[in-house]
>>> print(open('query09.tsv').read())   # TSV, N, CA and C atoms
chain	number	residue	atom	x	y	z
A	1	MET	N	0.83	-1.18	0.00
A	1	MET	CA	0.00	0.00	0.00
A	1	MET	C	0.88	1.25	0.00
A	2	ILE	N	0.50	2.22	-0.79
A	2	ILE	CA	1.27	3.45	-0.90
A	2	ILE	C	0.89	4.38	0.27
A	3	ASP	N	1.88	5.00	0.85
A	3	ASP	CA	1.65	5.92	1.98
A	3	ASP	C	1.50	7.35	1.46
A	4	TRP	N	0.39	7.59	0.78
A	4	TRP	CA	0.13	8.90	0.18
A	4	TRP	C	0.03	9.98	1.27
A	5	ASP	N	0.49	11.16	0.94
A	5	ASP	CA	0.31	12.32	1.81
A	5	ASP	C	-1.02	12.96	1.40
A	6	MET	N	-2.11	12.38	1.88
A	6	MET	CA	-3.44	12.77	1.44
A	6	MET	C	-3.79	14.21	1.80
A	7	LYS	N	-3.24	14.73	2.86
A	7	LYS	CA	-3.50	16.12	3.23
A	7	LYS	C	-3.01	17.05	2.12
A	8	GLU	N	-1.81	16.82	1.64
A	8	GLU	CA	-1.25	17.64	0.57
A	8	GLU	C	-1.98	17.39	-0.76
A	9	ILE	N	-2.27	16.15	-1.03
A	9	ILE	CA	-2.96	15.80	-2.28
A	9	ILE	C	-4.34	16.45	-2.33
A	10	GLU	N	-5.05	16.45	-1.22
A	10	GLU	CA	-6.37	17.10	-1.17
A	10	GLU	C	-6.25	18.60	-1.39
A	11	LYS	N	-5.19	19.23	-0.88
A	11	LYS	CA	-4.95	20.66	-1.13
A	11	LYS	C	-4.74	20.91	-2.63
A	12	ILE	N	-3.93	20.07	-3.23
A	12	ILE	CA	-3.66	20.22	-4.66
A	12	ILE	C	-4.94	20.00	-5.47
A	13	GLU	N	-5.70	18.99	-5.10
A	13	GLU	CA	-6.95	18.70	-5.80
A	13	GLU	C	-7.90	19.90	-5.70
A	14	LYS	N	-8.01	20.49	-4.55
A	14	LYS	CA	-8.87	21.67	-4.36
A	14	LYS	C	-8.38	22.81	-5.25
A	15	HIS	N	-7.07	23.01	-5.30
A	15	HIS	CA	-6.51	24.06	-6.14
A	15	HIS	C	-6.85	23.81	-7.61
A	16	TYR	N	-6.68	22.57	-8.06
A	16	TYR	CA	-6.97	22.25	-9.46
A	16	TYR	C	-8.46	22.43	-9.77
A	17	GLN	N	-9.32	22.20	-8.80
A	17	GLN	CA	-10.75	22.40	-9.03
A	17	GLN	C	-11.05	23.86	-9.33
A	18	GLU	N	-10.23	24.74	-8.83
A	18	GLU	CA	-10.42	26.17	-9.07
A	18	GLU	C	-9.88	26.62	-10.42
A	19	ILE	N	-8.90	25.91	-10.96
A	19	ILE	CA	-8.25	26.41	-12.18
A	19	ILE	C	-8.47	25.53	-13.41
A	20	LEU	N	-8.86	24.28	-13.24
A	20	LEU	CA	-9.02	23.38	-14.38
A	20	LEU	C	-10.50	23.06	-14.61
A	21	SER	N	-10.86	23.03	-15.87
A	21	SER	CA	-12.22	22.64	-16.20
A	21	SER	C	-12.18	21.75	-17.44
A	22	PRO	N	-12.58	20.50	-17.35
A	22	PRO	CA	-12.93	19.81	-16.12
A	22	PRO	C	-11.71	19.70	-15.22
A	23	SER	N	-11.93	19.25	-14.01
A	23	SER	CA	-10.84	19.10	-13.05
A	23	SER	C	-10.45	17.63	-12.96
A	24	VAL	N	-9.55	17.33	-12.07
A	24	VAL	CA	-9.07	15.96	-11.91
A	24	VAL	C	-9.40	15.44	-10.53
A	25	ASN	N	-9.60	14.15	-10.46
A	25	ASN	CA	-9.92	13.49	-9.20
A	25	ASN	C	-8.65	12.79	-8.70
A	26	LEU	N	-7.85	13.53	-7.98
A	26	LEU	CA	-6.57	13.00	-7.51
A	26	LEU	C	-6.74	11.94	-6.42
A	27	THR	N	-7.79	12.08	-5.62
A	27	THR	CA	-8.06	11.09	-4.59
A	27	THR	C	-8.36	9.73	-5.24
A	28	TYR	N	-9.16	9.75	-6.28
A	28	TYR	CA	-9.48	8.51	-7.01
A	28	TYR	C	-8.20	7.94	-7.63
A	29	PHE	N	-7.39	8.81	-8.21
A	29	PHE	CA	-6.13	8.36	-8.81
A	29	PHE	C	-5.27	7.64	-7.76
A	30	CYS	N	-5.16	8.21	-6.58
A	30	CYS	CA	-4.34	7.59	-5.53
A	30	CYS	C	-4.91	6.24	-5.12
A	31	ARG	N	-6.22	6.16	-4.98
A	31	ARG	CA	-6.85	4.90	-4.58
A	31	ARG	C	-6.64	3.81	-5.63
A	32	HIS	N	-6.51	4.19	-6.88
A	32	HIS	CA	-6.40	3.22	-7.97
A	32	HIS	C	-5.05	3.30	-8.68
A	33	PHE	N	-4.10	3.94	-8.03
A	33	PHE	CA	-2.80	4.16	-8.65
A	33	PHE	C	-2.15	2.87	-9.16
A	34	GLU	N	-2.12	1.87	-8.32
A	34	GLU	CA	-1.43	0.64	-8.72
A	34	GLU	C	-2.03	0.05	-9.99
A	35	ASP	N	-3.34	-0.02	-10.06
A	35	ASP	CA	-4.00	-0.56	-11.26
A	35	ASP	C	-3.74	0.31	-12.48
A	36	ILE	N	-3.85	1.63	-12.30
A	36	ILE	CA	-3.64	2.56	-13.41
A	36	ILE	C	-2.21	2.47	-13.91
A	37	TYR	N	-1.26	2.51	-13.00
A	37	TYR	CA	0.14	2.51	-13.39
A	37	TYR	C	0.57	1.19	-14.02
A	38	ARG	N	0.13	0.08	-13.45
A	38	ARG	CA	0.48	-1.23	-14.02
A	38	ARG	C	-0.12	-1.38	-15.43
A	39	MET	N	-1.36	-0.96	-15.60
A	39	MET	CA	-1.99	-1.04	-16.92
A	39	MET	C	-1.22	-0.19	-17.93
A	40	ALA	N	-0.86	1.02	-17.52
A	40	ALA	CA	-0.11	1.90	-18.42
A	40	ALA	C	1.24	1.28	-18.79
A	41	MET	N	1.93	0.73	-17.82
A	41	MET	CA	3.22	0.09	-18.10
A	41	MET	C	3.04	-1.11	-19.03
A	42	ASP	N	2.02	-1.92	-18.76
A	42	ASP	CA	1.77	-3.10	-19.60
A	42	ASP	C	1.52	-2.70	-21.05
A	43	GLU	N	0.83	-1.57	-21.24
A	43	GLU	CA	0.48	-1.13	-22.59
A	43	GLU	C	1.45	-0.08	-23.15
A	44	GLU	N	2.51	0.19	-22.39
A	44	GLU	CA	3.54	1.14	-22.80
A	44	GLU	C	2.95	2.52	-23.10
A	45	VAL	N	2.13	2.98	-22.16
A	45	VAL	CA	1.47	4.29	-22.25
A	45	VAL	C	1.91	5.11	-21.05
A	46	LEU	N	2.21	6.38	-21.29
A	46	LEU	CA	2.55	7.27	-20.18
A	46	LEU	C	1.29	7.70	-19.46
A	47	ILE	N	1.39	7.80	-18.15
A	47	ILE	CA	0.27	8.39	-17.43
A	47	ILE	C	0.36	9.90	-17.63
A	48	PRO	N	-0.77	10.59	-17.55
A	48	PRO	CA	-0.73	12.05	-17.71
A	48	PRO	C	0.23	12.70	-16.72
A	49	ASP	N	0.86	13.75	-17.17
A	49	ASP	CA	1.89	14.42	-16.40
A	49	ASP	C	1.38	14.89	-15.03
A	50	ILE	N	0.16	15.34	-14.97
A	50	ILE	CA	-0.41	15.81	-13.71
A	50	ILE	C	-0.45	14.68	-12.68
A	51	PHE	N	-0.70	13.45	-13.13
A	51	PHE	CA	-0.71	12.31	-12.23
A	51	PHE	C	0.71	11.88	-11.89
A	52	ASN	N	1.59	11.99	-12.85
A	52	ASN	CA	2.99	11.68	-12.59
A	52	ASN	C	3.51	12.58	-11.46
A	53	ASP	N	3.13	13.85	-11.47
A	53	ASP	CA	3.56	14.77	-10.41
A	53	ASP	C	3.07	14.31	-9.04
A	54	ILE	N	1.86	13.77	-8.98
A	54	ILE	CA	1.27	13.36	-7.71
A	54	ILE	C	2.02	12.16	-7.12
A	55	THR	N	2.68	11.36	-7.95
A	55	THR	CA	3.38	10.18	-7.43
A	55	THR	C	4.49	10.55	-6.45
A	56	TYR	N	4.89	11.81	-6.42
A	56	TYR	CA	5.92	12.27	-5.49
A	56	TYR	C	5.37	12.58	-4.10
A	57	TYR	N	4.05	12.67	-3.96
A	57	TYR	CA	3.44	13.08	-2.69
A	57	TYR	C	3.14	11.87	-1.80
A	58	THR	N	4.19	11.34	-1.23
A	58	THR	CA	4.06	10.26	-0.26
A	58	THR	C	4.63	10.75	1.07
A	59	ILE	N	4.22	10.11	2.14
A	59	ILE	CA	4.65	10.53	3.48
A	59	ILE	C	6.16	10.49	3.62
A	60	ASN	N	6.80	9.44	3.11
A	60	ASN	CA	8.25	9.32	3.29
A	60	ASN	C	9.05	9.87	2.12
A	61	GLY	N	8.36	10.48	1.14
A	61	GLY	CA	9.06	11.15	0.04
A	61	GLY	C	9.57	10.24	-1.06
A	62	ILE	N	9.29	8.96	-0.98
A	62	ILE	CA	9.71	8.04	-2.04
A	62	ILE	C	8.60	7.97	-3.08
A	63	ASN	N	8.95	8.21	-4.32
A	63	ASN	CA	7.97	8.21	-5.40
A	63	ASN	C	7.17	6.91	-5.38
A	64	ALA	N	5.86	7.03	-5.50
A	64	ALA	CA	4.97	5.86	-5.46
A	64	ALA	C	5.31	4.85	-6.54
A	65	ARG	N	5.82	5.30	-7.67
A	65	ARG	CA	6.18	4.37	-8.75
A	65	ARG	C	7.24	3.38	-8.31
A	66	TYR	N	8.13	3.82	-7.43
A	66	TYR	CA	9.22	2.96	-7.00
A	66	TYR	C	8.80	1.95	-5.93
A	67	LYS	N	7.56	2.07	-5.49
A	67	LYS	CA	7.04	1.15	-4.48
A	67	LYS	C	6.31	-0.04	-5.11
A	68	LEU	N	6.14	0.00	-6.42
A	68	LEU	CA	5.50	-1.11	-7.12
A	68	LEU	C	6.57	-2.04	-7.65
A	69	LEU	N	6.33	-3.32	-7.50
A	69	LEU	CA	7.30	-4.31	-7.95
A	69	LEU	C	6.92	-4.83	-9.33
A	70	PHE	N	7.90	-4.82	-10.20
A	70	PHE	CA	7.78	-5.39	-11.53
A	70	PHE	C	8.95	-6.33	-11.72
A	71	PHE	N	8.81	-7.26	-12.65
A	71	PHE	CA	9.97	-8.07	-13.01
A	71	PHE	C	11.04	-7.12	-13.54
A	72	PRO	N	12.26	-7.24	-13.06
A	72	PRO	CA	13.32	-6.28	-13.46
A	72	PRO	C	13.47	-6.13	-14.97
A	73	LYS	N	13.46	-7.24	-15.69
A	73	LYS	CA	13.64	-7.16	-17.14
A	73	LYS	C	12.48	-6.40	-17.79
A	74	PHE	N	11.25	-6.68	-17.36
A	74	PHE	CA	10.07	-5.99	-17.89
A	74	PHE	C	10.18	-4.49	-17.61
A	75	GLU	N	10.51	-4.15	-16.38
A	75	GLU	CA	10.60	-2.73	-16.00
A	75	GLU	C	11.67	-2.01	-16.81
A	76	GLU	N	12.81	-2.65	-16.96
A	76	GLU	CA	13.92	-2.04	-17.71
A	76	GLU	C	13.53	-1.84	-19.18
A	77	GLU	N	12.96	-2.87	-19.80
A	77	GLU	CA	12.57	-2.78	-21.21
A	77	GLU	C	11.47	-1.74	-21.42
A	78	THR	N	10.49	-1.71	-20.54
A	78	THR	CA	9.39	-0.77	-20.68
A	78	THR	C	9.86	0.65	-20.45
A	79	THR	N	10.70	0.85	-19.47
A	79	THR	CA	11.25	2.18	-19.20
A	79	THR	C	12.01	2.68	-20.42
A	80	GLU	N	12.77	1.81	-21.03
A	80	GLU	CA	13.53	2.18	-22.23
A	80	GLU	C	12.59	2.55	-23.38
A	81	LYS	N	11.54	1.75	-23.57
A	81	LYS	CA	10.57	2.01	-24.64
A	81	LYS	C	9.83	3.33	-24.42
A	82	LEU	N	9.58	3.67	-23.15
A	82	LEU	CA	8.82	4.88	-22.84
A	82	LEU	C	9.68	6.15	-22.80
A	83	LEU	N	10.98	5.99	-22.84
A	83	LEU	CA	11.88	7.13	-22.70
A	83	LEU	C	11.60	8.22	-23.75
A	84	ALA	N	11.48	7.86	-25.00
A	84	ALA	CA	11.23	8.85	-26.05
A	84	ALA	C	9.89	9.55	-25.82
A	85	LYS	N	8.87	8.78	-25.42
A	85	LYS	CA	7.56	9.39	-25.14
A	85	LYS	C	7.65	10.34	-23.95
A	86	ARG	N	8.39	9.94	-22.93
A	86	ARG	CA	8.54	10.77	-21.74
A	86	ARG	C	9.28	12.07	-22.08
A	87	MET	N	10.28	11.99	-22.91
A	87	MET	CA	11.03	13.19	-23.32
A	87	MET	C	10.14	14.12	-24.14
A	88	ARG	N	9.31	13.55	-25.02
A	88	ARG	CA	8.37	14.36	-25.80
A	88	ARG	C	7.34	15.02	-24.87
A	89	GLN	N	6.86	14.27	-23.89
A	89	GLN	CA	5.91	14.81	-22.92
A	89	GLN	C	6.53	15.99	-22.17
A	90	ARG	N	7.74	15.85	-21.73
A	90	ARG	CA	8.43	16.93	-21.02
A	90	ARG	C	8.60	18.16	-21.90
A	91	ALA	N	8.97	17.93	-23.15
A	91	ALA	CA	9.15	19.06	-24.08
A	91	ALA	C	7.82	19.77	-24.32
A	92	GLU	N	6.75	19.00	-24.49
A	92	GLU	CA	5.43	19.61	-24.71
A	92	GLU	C	4.97	20.37	-23.47
A	93	ARG	N	5.27	19.82	-22.31
A	93	ARG	CA	4.92	20.51	-21.06
A	93	ARG	C	5.66	21.83	-20.96
A	94	GLN	N	6.95	21.81	-21.25
A	94	GLN	CA	7.75	23.03	-21.18
A	94	GLN	C	7.28	24.05	-22.21
A	95	GLU	N	6.97	23.60	-23.39
A	95	GLU	CA	6.47	24.49	-24.43
A	95	GLU	C	5.16	25.16	-23.97
A	96	ALA	N	4.27	24.38	-23.39
A	96	ALA	CA	3.01	24.93	-22.88
A	96	ALA	C	3.27	25.93	-21.77
A	97	ARG	N	4.20	25.63	-20.88
A	97	ARG	CA	4.55	26.56	-19.79
A	97	ARG	C	5.08	27.87	-20.35
A	98	ASN	N	5.91	27.76	-21.36
A	98	ASN	CA	6.51	28.95	-21.96
A	98	ASN	C	5.46	29.85	-22.60
A	99	LYS	N	4.35	29.29	-23.04
A	99	LYS	CA	3.29	30.07	-23.68
A	99	LYS	C	2.38	30.76	-22.66
A	100	GLY	N	2.45	30.35	-21.40
A	100	GLY	CA	1.64	30.98	-20.36
A	100	GLY	C	0.83	29.96	-19.58
A	101	LEU	N	0.28	30.43	-18.47
A	101	LEU	CA	-0.45	29.54	-17.57
A	101	LEU	C	-1.67	28.90	-18.22
A	102	GLU	N	-2.40	29.64	-18.99
A	102	GLU	CA	-3.60	29.08	-19.62
A	102	GLU	C	-3.24	27.91	-20.53
A	103	ASN	N	-2.19	28.05	-21.31
A	103	ASN	CA	-1.74	26.95	-22.18
A	103	ASN	C	-1.24	25.77	-21.36
A	104	TYR	N	-0.58	26.07	-20.26
A	104	TYR	CA	-0.07	25.01	-19.40
A	104	TYR	C	-1.22	24.22	-18.78
A	105	TYR	N	-2.23	24.91	-18.27
A	105	TYR	CA	-3.39	24.23	-17.70
A	105	TYR	C	-4.12	23.41	-18.76
A	106	GLU	N	-4.21	23.97	-19.94
A	106	GLU	CA	-4.86	23.25	-21.05
A	106	GLU	C	-4.09	21.98	-21.38
A	107	PHE	N	-2.78	22.07	-21.42
A	107	PHE	CA	-1.94	20.89	-21.67
A	107	PHE	C	-2.20	19.81	-20.62
A	108	MET	N	-2.22	20.22	-19.34
A	108	MET	CA	-2.39	19.26	-18.25
A	108	MET	C	-3.73	18.53	-18.36
A	109	ILE	N	-4.81	19.27	-18.55
A	109	ILE	CA	-6.12	18.63	-18.57
A	109	ILE	C	-6.33	17.85	-19.86
A	110	ASN	N	-5.78	18.31	-20.96
A	110	ASN	CA	-5.93	17.57	-22.23
A	110	ASN	C	-5.28	16.20	-22.16
A	111	GLU	N	-4.16	16.09	-21.46
A	111	GLU	CA	-3.54	14.77	-21.29
A	111	GLU	C	-4.47	13.82	-20.55
A	112	VAL	N	-5.15	14.32	-19.53
A	112	VAL	CA	-6.07	13.48	-18.77
A	112	VAL	C	-7.27	13.11	-19.65
A	113	ILE	N	-7.78	14.06	-20.40
A	113	ILE	CA	-8.91	13.79	-21.30
A	113	ILE	C	-8.54	12.71	-22.31
A	114	GLU	N	-7.36	12.82	-22.90
A	114	GLU	CA	-6.90	11.81	-23.87
A	114	GLU	C	-6.75	10.45	-23.21
A	115	PHE	N	-6.24	10.42	-21.99
A	115	PHE	CA	-6.07	9.17	-21.25
A	115	PHE	C	-7.44	8.52	-21.01
A	116	VAL	N	-8.41	9.32	-20.59
A	116	VAL	CA	-9.76	8.81	-20.31
A	116	VAL	C	-10.46	8.39	-21.60
A	117	GLU	N	-10.20	9.08	-22.70
A	117	GLU	CA	-10.77	8.65	-23.98
A	117	GLU	C	-10.20	7.29	-24.38
A	118	ARG	N	-8.94	7.08	-24.09
A	118	ARG	CA	-8.30	5.79	-24.39
A	118	ARG	C	-8.80	4.69	-23.45
A	119	TYR	N	-9.02	5.05	-22.20
A	119	TYR	CA	-9.46	4.12	-21.16
A	119	TYR	C	-10.73	4.66	-20.49
A	120	PRO	N	-11.87	4.53	-21.15
A	120	PRO	CA	-13.11	5.12	-20.62
A	120	PRO	C	-13.50	4.61	-19.24
A	121	PHE	N	-13.05	3.43	-18.87
A	121	PHE	CA	-13.38	2.90	-17.55
A	121	PHE	C	-12.70	3.68	-16.43
A	122	TRP	N	-11.76	4.58	-16.76
A	122	TRP	CA	-11.12	5.45	-15.78
A	122	TRP	C	-11.72	6.85	-15.83
A	123	ASN	N	-12.93	6.99	-16.35
A	123	ASN	CA	-13.53	8.32	-16.53
A	123	ASN	C	-13.74	9.09	-15.22
A	124	VAL	N	-13.68	8.41	-14.09
A	124	VAL	CA	-13.84	9.09	-12.79
A	124	VAL	C	-12.61	9.95	-12.49
A	125	LEU	N	-11.55	9.79	-13.25
A	125	LEU	CA	-10.37	10.64	-13.08
A	125	LEU	C	-10.68	12.09	-13.41
A	126	LEU	N	-11.73	12.32	-14.18
A	126	LEU	CA	-12.16	13.67	-14.53
A	126	LEU	C	-13.35	14.07	-13.69
A	127	LYS	N	-13.30	15.28	-13.16
A	127	LYS	CA	-14.44	15.85	-12.42
A	127	LYS	C	-15.05	16.92	-13.30
A	128	LYS	N	-16.30	16.75	-13.65
A	128	LYS	CA	-16.95	17.74	-14.51
A	128	LYS	C	-17.79	18.70	-13.72
>>> encode(input="query09.tsv", output="structure tokens")
Amino acid sequence: MIDWDMKEIEKIEKHYQEILSPSVNLTYFCRHFEDIYRMAMDEEVLIPDIFNDITYYTINGINARYKLLFFPKFEEETTEKLLAKRMRQRAERQEARNKGLENYYEFMINEVIEFVERYPFWNVLLKK
């Protein structure tokens, strides 16, 4: 079980509710993190950047991703395959930031929308 810092995550979720439309359900993400992350790794899909940021909010400061066990060879191969996608995601995030806050917020929520369109059974990740 991940030792999420739920107090901080709830603060962030409240903040996002004020600035993002639709918003994100970070509490739901934390409750289902293991399933979401394992599915994404299995299918070689990046989780949205906004959720990736939340993986750092644990009580002991260890990223939640590092608390999940995978076969070493699988994890190494998948990480390598996702590297180019992760670098593109970072570049797109930086480009959106450089254009201003509105573009940055749009980038963040659009990634979640695309993720939910790909995986409609995770539609609770969006708060409308």
>>> atom_distance(input="query09.tsv", atom1="CA of Tyr105 (chain A)", atom2="CA of Arg118 (chain A)")
20.2 Å
>>> closest_residue(input="query09.tsv", among="A:Asp3, A:Glu8, A:Glu75, A:Glu106", to="Ser21 (chain A)", atoms="only C-alpha atoms")
A:Glu106
>>> closest_residue(input="query09.tsv", among="A:Ser23, A:Gln94, A:Asn52, A:Thr58", to="Ile109 (chain A)", atoms="only C-alpha atoms")
A:Ser23
>>> atom_distance(input="query09.tsv", atom1="CA of Lys81 (chain A)", atom2="atom N of Pro48 (chain A)")
15.9 Å
>>> residues_around(input="query09.tsv", residues="region 124-127 of chain A", least_positions_apart="5", cutoff="7 Å", atoms="all atoms listed in the file", output="PyMOL selection string")
chain A and resi 21-26+28-29
>>> closest_residue(input="query09.tsv", among="A:Tyr104, A:Tyr16, A:Trp4, A:Phe115", to="Tyr57 (chain A)", atoms="all atoms listed in the file")
A:Trp4
>>> closest_residue(input="query09.tsv", among="A:Ile59, A:Met108, A:Ile47, A:Ile36", to="Met6 (chain A)", atoms="all atoms listed in the file")
A:Ile59
>>> select_by_dssp(input="query09.tsv", residues="chain A", states="helix (DSSP H, G or I)", output="PyMOL selection string")
chain A and resi 6-19+26-31+33-42+49-54+64-67+72-99+101-118+120-125
>>> closest_residue(input="query09.tsv", among="A:Ile19, A:Leu46, A:Met39, A:Ile62", to="Arg86 (chain A)", atoms="all atoms listed in the file")
A:Leu46
>>> closest_residue(input="query09.tsv", among="A:Glu18, A:Glu114, A:Glu34, A:Asp42", to="Leu82 (chain A)", atoms="only C-alpha atoms")
A:Asp42
>>> atom_distance(input="query09.tsv", atom1="CA of Asn63 (chain A)", atom2="CA of Ile2 (chain A)")
9.4 Å
>>> build_atoms(input="query09.tsv", residues="region 101-114 of chain A", atoms="N, CA, C and O atoms", output="PDB file, in the coordinates of the input")
ATOM      1  N   LEU A 101       0.280  30.430 -18.470  1.00  0.00           N
ATOM      2  CA  LEU A 101      -0.450  29.540 -17.570  1.00  0.00           C
ATOM      3  C   LEU A 101      -1.670  28.900 -18.220  1.00  0.00           C
ATOM      4  O   LEU A 101      -1.936  27.719 -18.028  1.00  0.00           O
ATOM      5  N   GLU A 102      -2.400  29.640 -18.990  1.00  0.00           N
ATOM      6  CA  GLU A 102      -3.600  29.080 -19.620  1.00  0.00           C
ATOM      7  C   GLU A 102      -3.240  27.910 -20.530  1.00  0.00           C
ATOM      8  O   GLU A 102      -3.904  26.871 -20.512  1.00  0.00           O
ATOM      9  N   ASN A 103      -2.190  28.050 -21.310  1.00  0.00           N
ATOM     10  CA  ASN A 103      -1.740  26.950 -22.180  1.00  0.00           C
ATOM     11  C   ASN A 103      -1.240  25.770 -21.360  1.00  0.00           C
ATOM     12  O   ASN A 103      -1.468  24.619 -21.719  1.00  0.00           O
ATOM     13  N   TYR A 104      -0.580  26.070 -20.260  1.00  0.00           N
ATOM     14  CA  TYR A 104      -0.070  25.010 -19.400  1.00  0.00           C
ATOM     15  C   TYR A 104      -1.220  24.220 -18.780  1.00  0.00           C
ATOM     16  O   TYR A 104      -1.211  22.988 -18.790  1.00  0.00           O
ATOM     17  N   TYR A 105      -2.230  24.910 -18.270  1.00  0.00           N
ATOM     18  CA  TYR A 105      -3.390  24.230 -17.700  1.00  0.00           C
ATOM     19  C   TYR A 105      -4.120  23.410 -18.760  1.00  0.00           C
ATOM     20  O   TYR A 105      -4.563  22.295 -18.500  1.00  0.00           O
ATOM     21  N   GLU A 106      -4.210  23.970 -19.940  1.00  0.00           N
ATOM     22  CA  GLU A 106      -4.860  23.250 -21.050  1.00  0.00           C
ATOM     23  C   GLU A 106      -4.090  21.980 -21.380  1.00  0.00           C
ATOM     24  O   GLU A 106      -4.679  20.916 -21.593  1.00  0.00           O
ATOM     25  N   PHE A 107      -2.780  22.070 -21.420  1.00  0.00           N
ATOM     26  CA  PHE A 107      -1.940  20.890 -21.670  1.00  0.00           C
ATOM     27  C   PHE A 107      -2.200  19.810 -20.620  1.00  0.00           C
ATOM     28  O   PHE A 107      -2.407  18.649 -20.940  1.00  0.00           O
ATOM     29  N   MET A 108      -2.220  20.220 -19.340  1.00  0.00           N
ATOM     30  CA  MET A 108      -2.390  19.260 -18.250  1.00  0.00           C
ATOM     31  C   MET A 108      -3.730  18.530 -18.360  1.00  0.00           C
ATOM     32  O   MET A 108      -3.781  17.308 -18.271  1.00  0.00           O
ATOM     33  N   ILE A 109      -4.810  19.270 -18.550  1.00  0.00           N
ATOM     34  CA  ILE A 109      -6.120  18.630 -18.570  1.00  0.00           C
ATOM     35  C   ILE A 109      -6.330  17.850 -19.860  1.00  0.00           C
ATOM     36  O   ILE A 109      -6.971  16.793 -19.851  1.00  0.00           O
ATOM     37  N   ASN A 110      -5.780  18.310 -20.960  1.00  0.00           N
ATOM     38  CA  ASN A 110      -5.930  17.570 -22.230  1.00  0.00           C
ATOM     39  C   ASN A 110      -5.280  16.200 -22.160  1.00  0.00           C
ATOM     40  O   ASN A 110      -5.787  15.240 -22.744  1.00  0.00           O
ATOM     41  N   GLU A 111      -4.160  16.090 -21.460  1.00  0.00           N
ATOM     42  CA  GLU A 111      -3.540  14.770 -21.290  1.00  0.00           C
ATOM     43  C   GLU A 111      -4.470  13.820 -20.550  1.00  0.00           C
ATOM     44  O   GLU A 111      -4.574  12.650 -20.902  1.00  0.00           O
ATOM     45  N   VAL A 112      -5.150  14.320 -19.530  1.00  0.00           N
ATOM     46  CA  VAL A 112      -6.070  13.480 -18.770  1.00  0.00           C
ATOM     47  C   VAL A 112      -7.270  13.110 -19.650  1.00  0.00           C
ATOM     48  O   VAL A 112      -7.701  11.947 -19.660  1.00  0.00           O
ATOM     49  N   ILE A 113      -7.780  14.060 -20.400  1.00  0.00           N
ATOM     50  CA  ILE A 113      -8.910  13.790 -21.300  1.00  0.00           C
ATOM     51  C   ILE A 113      -8.540  12.710 -22.310  1.00  0.00           C
ATOM     52  O   ILE A 113      -9.296  11.769 -22.528  1.00  0.00           O
ATOM     53  N   GLU A 114      -7.360  12.820 -22.900  1.00  0.00           N
ATOM     54  CA  GLU A 114      -6.900  11.810 -23.870  1.00  0.00           C
ATOM     55  C   GLU A 114      -6.750  10.450 -23.210  1.00  0.00           C
ATOM     56  O   GLU A 114      -7.097   9.421 -23.800  1.00  0.00           O
TER      57      GLU A 114
END
